[in-house]
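Structure record follows, encoded as structure tokens.
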Amino acid sequence: MIEIKNLSFAYKREKLFSDLNLSLTPGGICGLLGKNGAGKTTLLKLMSGLLFPQGGNISIMGKNPSKRPVDFLQELIFLPEVFDLPPVTPEHYKMLYSPFYPRFSAERFNSFLEQFEITGKKKLSTFSYGQKKKFIIAFGLATNGRLMLLDEPTNGLDIPSKSQFRKAVASCLEDDRIFIISTHQARDLESLIDPIIILDEGKIIFNQSNEEISSRLKVSYRSGPPEQEEALFSEKTFEGYTVVMENHDHEDSHIDLETLFNTVVNNTAKISSLFQDGGIR
Amino acid sequence: MNSIKRFNAQRFFLLIRNEILLNRGNFLIFFAVIWGILLLRLIITVGPPNNIKIYGGNYSFFIFFSAYIIFEKAFKEVHDESKGTAWFTLPASMFEKYVSRLVFSIVASTAGIAILFFLFTAISEGVYRFLFGSVNAVALFNPFNKDILLKTVLCLILVSPFHLGVIYFRKNAFFKTFLSLLIYLLFLCLVFIAALKIYLGDVIHGFLTMSDPVGTIPDLFIENDTLAQTWSITKWTAHITFWYLLAPLCWVIGYIRLKEKEV
């Protein structure tokens with residue numbers, strides 16, 4: 001579905017990606033994590049054809065996004081962090097833009113609006129940021145596009161809306177559809193995303209499924225500091241220490257996204273060799 | 001197959017429809033302002049009502065600026081990250097998106113101004129008749145008059161480099177395009193002078209001073225067959241370039257530029 005080969009990209013003289021490779025299959029909700037400036041938004045823009053690669057190539061559903069072909073755009077929904085909606089009502093917006101999406105479902109759209117509690121005939125431009133975001137997510141999901149790129153989708157959403165968002169996205173997951181969600185709000189999407197991709201300094205340093213992660217890493221909680229050799233990462237908490245270790249004895253344990261991210265970023269080489277067989281890219 | 005992907009009439013008309021529906025409020029305001037200006041002009045020129053041509057020189061001015069302003073408003077968002085993202089990812093080909101906005105801005109400005117002028121002159125005439133009982137107080141505007149049609153085409157040609165400027169320049173597109181055109185014209189003048197100096201160096205001294213027995217530069221062109229022919233070809237090329245090539249060229253370059261535009 002998504003094949004990125006030897007991608008290179010730079011902003012003026014600032015090199016961001018060089019020889020980046022990524023391969024993703026449909027049927028998942030990929031979490032794209034990374035520090036500020038790691039290139040998450042740029043990667044989403046390259047995938048959506050808003051930016052053009054300076055080297056290498058991107059192929060999505062067999063199409064080149066840089067050429068912006070209509071049949072690619074009909075499958076694409078890109079929700080940027082900053083966006084703008086016209087001063088029209090939700091119904092009017094649907095009338096204006098839904099005809100461009102051949103598989104748009106008005107029924108689903110109305111159901112998502114109901115779920116997100118967006119009712120009435122107020123103009124979209126008068127909506128709050130969170131309401132606008134929920135509206136555009138509802139519209140995007142209703143298009144039934146096969147590629148959904150969401151940049152920080154939970155930013156600006158209140159607590160109930162985050163849960164509604166998770167439910168809505170989960171209900172739309174199909175075998176031929178892929179979601180790529182870039183986020184800093186790791187906790188908001190913890191239960192949703194699989195696989196997890198970590199981008200650091202313009203490189204993909206981690207790309208693994210949850211199953212693979214839990215089979216190779218385990219977390220334990222200690223009252224005192226761990227032995228230097230056994231810990232891949234440790235963090236002092238109020239109650240003691242959170243320690244990430246190799247899962248030699250295949251114990252069931254859940255590692256939260258924040259801890260995983262810190263482990264990978266702080267111990268890239270070791271994590272990379274640990275997941276070598278699992279295909280770290 | 002490629003042409004189907006690049007142009008689909010249904011999508012094209014949907015885009016035109018969206019332009020109309022999303023901009024109707026702005027149009028009403030824009031045309032109301034022009035109406036106000038015309039009214040002010042009529043009030044100022046009030047005297048003995050006798051076939052006043054209130055549109056006179058205003059027509060070209062309004063056609064030029066409305067064709068520029070409507071196009072500028074339509075394409076401003078390609079430089080804006082939040083608005084541009086939605087436009088570039090809308091499922092229609094770049095050709096459909098670009099041509100729909102270009103056609104829309106041209107038709108909206110020319111038809112809008114023509115209808116507005118016609119209505120204004122017709123209503124003004126009605127008011128004059130009602131108030132003063134006079135006939136033919138205001139000359140009725142005829143958009144199909146040959147002069148008016150020629151003025152319309154001329155304005156659209158003159159505005160086309162500014163359309164290109166809107167796509168090229170992120171900010172202050174009008175002034176940057178105007179300056180670019182000035183520099184380009186200056187360059188053409190220099191090339192012309194250099195050509196004269198090279199080919200007529202023996203009869204031209206200093207900047208462009210002619211030797212006495214030869215007379216003026218136009219005399220030289222008339223007297224010398226080769227020069228007369230060259231001059232005629234140059235004039236013909238300039239005529240064709242201006243009337244038939246300039247606007248399509250600017251619009252095509254604008255389209256290519258948009259295809260390469262990143263957000």
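Ordered as shown in the structure tokens, chains take letters A, B, and onward, while each chain numbers its residues from 1 and ligands are numbered from 1 in the order shown.
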**Request:** Output the contact residues of chain B with respect to chain A at a cut-off of 12 Å, based on only C-alpha atoms, as a ChimeraX atom specification.
**Result:** /B:2-8,10-26,77-78,80-97,258-263
**All helix (DSSP H, G or I) positions in stretch 119-164 of chain A, as a list in words** =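 Filtering stretch 119-164 of chain A to helix (DSSP H, G or I) leaves Leu124, Ser125, Thr126, Tyr129, Gly130, Gln131, Lys132, Lys133, Lys134, Phe135, Ile136, Ile137, Ala138, Phe139, Gly140, Leu141, Ala142, Ile159, Pro160, Ser161, Lys162, Ser163 and Gln164 of chain A.
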**Request:** Identify, on the basis of only C-alpha atoms, every residue whose closest approach to B:Phe118 does not exceed 9 Å; exclude the query and any residue fewer than 4 positions from it along the same chain; express the result as a PyMOL selection string.
**Result:** chain B and resi 113-114+122-123+140-143
**Prompt:** Can you list every residue in stretch 23-230 of chain A that DSSP puts in strand (DSSP E), as number ranges by chain?
**Reply:** A: 23-24, 28-34, 55-60, 76-79, 147-151, 178-182, 196-200, 203-208, 217-222
**Prompt:** What does the distance between atom CA of B:Phe71 and atom CA of B:Ser105 come to in Å, to one decimal place?
**Reply:** 5.3 Å
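Atom CA of B:Thr230 to atom CA of B:Leu200 spans 13.1 Å [interatomic distance, one decimal].
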Compile a residue-level contact table for stretch 154-252 of chain A against stretch 17-40 of chain A at a cut-off of 10 Å, reporting for every qualifying residue the shortest atom pair and its distance in Å to one decimal, with only C-alpha atoms counted, rows ordered by chain and ascending number, as a Markdown table.
| residue | atom | partner | partner_atom | distance |
| --- | --- | --- | --- | --- |
| A:Val169 | CA | A:Ile29 | CA | 8.7 |
| A:Ala170 | CA | A:Ile29 | CA | 8.6 |
| A:Leu173 | CA | A:Gly27 | CA | 6.6 |
| A:Glu174 | CA | A:Gly27 | CA | 5.6 |
| A:Asp175 | CA | A:Gly27 | CA | 4.2 |
| A:Asp176 | CA | A:Pro26 | CA | 5.2 |
| A:Arg177 | CA | A:Pro26 | CA | 5.2 |
| A:Ile178 | CA | A:Pro26 | CA | 4.7 |
| A:Phe179 | CA | A:Ile29 | CA | 4.6 |
| A:Ile180 | CA | A:Cys30 | CA | 4.7 |
| A:Ile181 | CA | A:Gly31 | CA | 5.0 |
| A:Ser182 | CA | A:Leu32 | CA | 4.5 |
| A:Thr183 | CA | A:Leu33 | CA | 5.9 |
| A:His184 | CA | A:Leu33 | CA | 6.7 |
| A:Gln185 | CA | A:Leu33 | CA | 9.2 |
| A:Ala186 | CA | A:Leu33 | CA | 8.0 |
| A:Leu189 | CA | A:Gly31 | CA | 8.2 |
| A:Glu190 | CA | A:Gly31 | CA | 8.9 |
| A:Leu192 | CA | A:Ile29 | CA | 6.9 |
| A:Ile193 | CA | A:Ile29 | CA | 5.0 |
| A:Asp194 | CA | A:Cys30 | CA | 5.3 |
| A:Pro195 | CA | A:Cys30 | CA | 5.0 |
| A:Ile196 | CA | A:Gly31 | CA | 4.9 |
| A:Ile197 | CA | A:Leu32 | CA | 4.9 |
| A:Ile198 | CA | A:Leu33 | CA | 4.8 |
| A:Leu199 | CA | A:Gly34 | CA | 4.9 |
| A:Asp200 | CA | A:Ala38 | CA | 5.2 |
| A:Glu201 | CA | A:Ala38 | CA | 5.2 |
| A:Gly202 | CA | A:Phe17 | CA | 4.6 |
| A:Lys203 | CA | A:Leu20 | CA | 6.1 |
| A:Ile204 | CA | A:Leu20 | CA | 7.0 |
| A:Ile205 | CA | A:Gly34 | CA | 9.8 |
| A:Phe206 | CA | A:Leu33 | CA | 9.5 |
| A:Asn207 | CA | A:Leu22 | CA | 8.6 |
| A:Gln208 | CA | A:Cys30 | CA | 9.7 |
| A:Ser209 | CA | A:Cys30 | CA | 9.1 |
**Message:** When you look at stretch 161-173 of chain B with a cut-off of 7 Å (counting only C-alpha atoms), what residues show up, excluding the ones that are within fewer than 3 positions of it in the same chain? I need them as a ChimeraX atom specification.
**Reply:** /B:68,71-72,75,79,158,176-177,250-251,254
Generate a file of the selected residues that holds N, CA, C and O atoms, formatted as a PDB file, in the first residue's frame.
ATOM      1  N   TYR B  68      -8.703  41.220 -11.876  1.00  0.00           N
ATOM      2  CA  TYR B  68      -7.533  40.966 -11.030  1.00  0.00           C
ATOM      3  C   TYR B  68      -7.968  40.549  -9.617  1.00  0.00           C
ATOM      4  O   TYR B  68      -7.508  39.532  -9.088  1.00  0.00           O
ATOM      5  N   PHE B  71      -9.595  37.039  -9.330  1.00  0.00           N
ATOM      6  CA  PHE B  71      -8.582  35.998  -9.517  1.00  0.00           C
ATOM      7  C   PHE B  71      -7.666  35.923  -8.292  1.00  0.00           C
ATOM      8  O   PHE B  71      -7.330  34.842  -7.796  1.00  0.00           O
ATOM      9  N   GLU B  72      -7.275  37.101  -7.817  1.00  0.00           N
ATOM     10  CA  GLU B  72      -6.359  37.165  -6.665  1.00  0.00           C
ATOM     11  C   GLU B  72      -7.000  36.523  -5.437  1.00  0.00           C
ATOM     12  O   GLU B  72      -6.364  35.758  -4.721  1.00  0.00           O
ATOM     13  N   PHE B  75      -7.085  32.658  -5.869  1.00  0.00           N
ATOM     14  CA  PHE B  75      -5.821  31.912  -5.815  1.00  0.00           C
ATOM     15  C   PHE B  75      -4.927  32.284  -4.634  1.00  0.00           C
ATOM     16  O   PHE B  75      -3.848  31.711  -4.487  1.00  0.00           O
ATOM     17  N   HIS B  79      -1.121  30.054  -1.419  1.00  0.00           N
ATOM     18  CA  HIS B  79       0.065  30.431  -0.650  1.00  0.00           C
ATOM     19  C   HIS B  79      -0.173  30.271   0.851  1.00  0.00           C
ATOM     20  O   HIS B  79       0.706  30.556   1.646  1.00  0.00           O
ATOM     21  N   LEU B 158      -4.260  42.556 -20.711  1.00  0.00           N
ATOM     22  CA  LEU B 158      -3.374  43.321 -19.817  1.00  0.00           C
ATOM     23  C   LEU B 158      -3.327  42.734 -18.402  1.00  0.00           C
ATOM     24  O   LEU B 158      -2.309  42.816 -17.721  1.00  0.00           O
ATOM     25  N   LYS B 176       4.639  43.729  -7.218  1.00  0.00           N
ATOM     26  CA  LYS B 176       5.810  42.953  -7.680  1.00  0.00           C
ATOM     27  C   LYS B 176       5.676  42.659  -9.176  1.00  0.00           C
ATOM     28  O   LYS B 176       6.658  42.730  -9.908  1.00  0.00           O
ATOM     29  N   THR B 177       4.464  42.345  -9.621  1.00  0.00           N
ATOM     30  CA  THR B 177       4.264  42.077 -11.057  1.00  0.00           C
ATOM     31  C   THR B 177       4.483  43.360 -11.846  1.00  0.00           C
ATOM     32  O   THR B 177       5.124  43.347 -12.902  1.00  0.00           O
ATOM     33  N   CYS B 250       0.648  33.442 -20.398  1.00  0.00           N
ATOM     34  CA  CYS B 250       0.654  33.719 -18.950  1.00  0.00           C
ATOM     35  C   CYS B 250      -0.186  32.678 -18.211  1.00  0.00           C
ATOM     36  O   CYS B 250       0.204  32.192 -17.144  1.00  0.00           O
ATOM     37  N   TRP B 251      -1.339  32.328 -18.786  1.00  0.00           N
ATOM     38  CA  TRP B 251      -2.223  31.376 -18.098  1.00  0.00           C
ATOM     39  C   TRP B 251      -1.614  29.969 -18.083  1.00  0.00           C
ATOM     40  O   TRP B 251      -1.750  29.255 -17.096  1.00  0.00           O
ATOM     41  N   GLY B 254       1.092  29.904 -15.544  1.00  0.00           N
ATOM     42  CA  GLY B 254       0.451  29.877 -14.221  1.00  0.00           C
ATOM     43  C   GLY B 254       0.049  28.459 -13.842  1.00  0.00           C
ATOM     44  O   GLY B 254       0.260  28.013 -12.715  1.00  0.00           O
TER      45      GLY B 254
END
**Prompt:** If we count only C-alpha atoms, what is near stretch 110-118 of chain A at a cut-off of 9 Å, once residues fewer than 2 positions away on the same chain are taken out, given as a list in words?
**Reply:**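 In the requested format, the answer is Pro90, Ser105, Ala106, Glu107, Arg108, Gly120, Gln131, Lys134, Phe135, Ile137, Ala138, Phe139, Leu141, Ala142, Ser161, Gln164, Phe165 and Ala168 of chain A.
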**Request:** Measure the distance from atom CA of A:Lys121 to atom CA of A:Leu157 in Å and round it to one decimal.
**Result:**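 Computing the Euclidean distance for atom CA of A:Lys121 and atom CA of A:Leu157 yields 21.0 Å.
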**Asked** Near A:Leu274, within 10 Å and counting only C-alpha atoms, which residues show up once chain neighbours fewer than 6 positions away are dropped, as a list in words?
**Response**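 These residues fall inside the cut-off: Arg216, Leu217, Glu246, Thr268 and Ile280 of chain A.
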For the residues in the current selection, export all heavy atoms as a PDB file, in the first residue's frame.
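The resulting file, selection.pdb, is reproduced below:
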ATOM      1  N   ARG A 216       9.130  -8.846  22.886  1.00  0.00           N
ATOM      2  CA  ARG A 216      10.574  -8.586  23.065  1.00  0.00           C
ATOM      3  C   ARG A 216      10.915  -7.666  24.224  1.00  0.00           C
ATOM      4  O   ARG A 216      12.059  -7.615  24.667  1.00  0.00           O
ATOM      5  CB  ARG A 216      11.143  -7.996  21.786  1.00  0.00           C
ATOM      6  CG  ARG A 216      11.154  -9.033  20.678  1.00  0.00           C
ATOM      7  CD  ARG A 216      11.663  -8.493  19.386  1.00  0.00           C
ATOM      8  NE  ARG A 216      11.377  -9.448  18.335  1.00  0.00           N
ATOM      9  CZ  ARG A 216      12.304 -10.178  17.718  1.00  0.00           C
ATOM     10  NH1 ARG A 216      13.566 -10.042  18.023  1.00  0.00           N
ATOM     11  NH2 ARG A 216      11.961 -11.031  16.787  1.00  0.00           N
ATOM     12  N   LEU A 217       9.934  -6.904  24.671  1.00  0.00           N
ATOM     13  CA  LEU A 217      10.220  -5.989  25.785  1.00  0.00           C
ATOM     14  C   LEU A 217       9.241  -6.235  26.918  1.00  0.00           C
ATOM     15  O   LEU A 217       8.079  -6.583  26.678  1.00  0.00           O
ATOM     16  CB  LEU A 217      10.081  -4.526  25.321  1.00  0.00           C
ATOM     17  CG  LEU A 217      11.031  -4.021  24.236  1.00  0.00           C
ATOM     18  CD1 LEU A 217      10.670  -2.597  23.858  1.00  0.00           C
ATOM     19  CD2 LEU A 217      12.488  -4.074  24.697  1.00  0.00           C
ATOM     20  N   GLU A 246      14.671  -6.594  28.377  1.00  0.00           N
ATOM     21  CA  GLU A 246      14.399  -7.601  27.358  1.00  0.00           C
ATOM     22  C   GLU A 246      13.451  -8.631  27.949  1.00  0.00           C
ATOM     23  O   GLU A 246      13.588  -8.995  29.127  1.00  0.00           O
ATOM     24  CB  GLU A 246      15.688  -8.301  26.940  1.00  0.00           C
ATOM     25  CG  GLU A 246      16.520  -7.472  26.001  1.00  0.00           C
ATOM     26  CD  GLU A 246      17.685  -8.266  25.451  1.00  0.00           C
ATOM     27  OE1 GLU A 246      17.448  -9.417  25.034  1.00  0.00           O
ATOM     28  OE2 GLU A 246      18.796  -7.727  25.473  1.00  0.00           O
ATOM     29  N   THR A 268      18.721   3.652  21.068  1.00  0.00           N
ATOM     30  CA  THR A 268      18.374   3.249  19.695  1.00  0.00           C
ATOM     31  C   THR A 268      19.174   2.024  19.218  1.00  0.00           C
ATOM     32  O   THR A 268      18.595   1.079  18.674  1.00  0.00           O
ATOM     33  CB  THR A 268      18.591   4.427  18.734  1.00  0.00           C
ATOM     34  OG1 THR A 268      17.936   5.566  19.277  1.00  0.00           O
ATOM     35  CG2 THR A 268      18.015   4.153  17.361  1.00  0.00           C
ATOM     36  N   ILE A 280      13.518  -4.493  12.163  1.00  0.00           N
ATOM     37  CA  ILE A 280      13.592  -3.040  12.406  1.00  0.00           C
ATOM     38  C   ILE A 280      14.166  -2.364  11.169  1.00  0.00           C
ATOM     39  O   ILE A 280      15.047  -2.895  10.515  1.00  0.00           O
ATOM     40  CB  ILE A 280      14.412  -2.719  13.670  1.00  0.00           C
ATOM     41  CG1 ILE A 280      14.100  -1.311  14.130  1.00  0.00           C
ATOM     42  CG2 ILE A 280      15.897  -2.921  13.465  1.00  0.00           C
ATOM     43  CD1 ILE A 280      14.469  -1.052  15.563  1.00  0.00           C
TER      44      ILE A 280
END
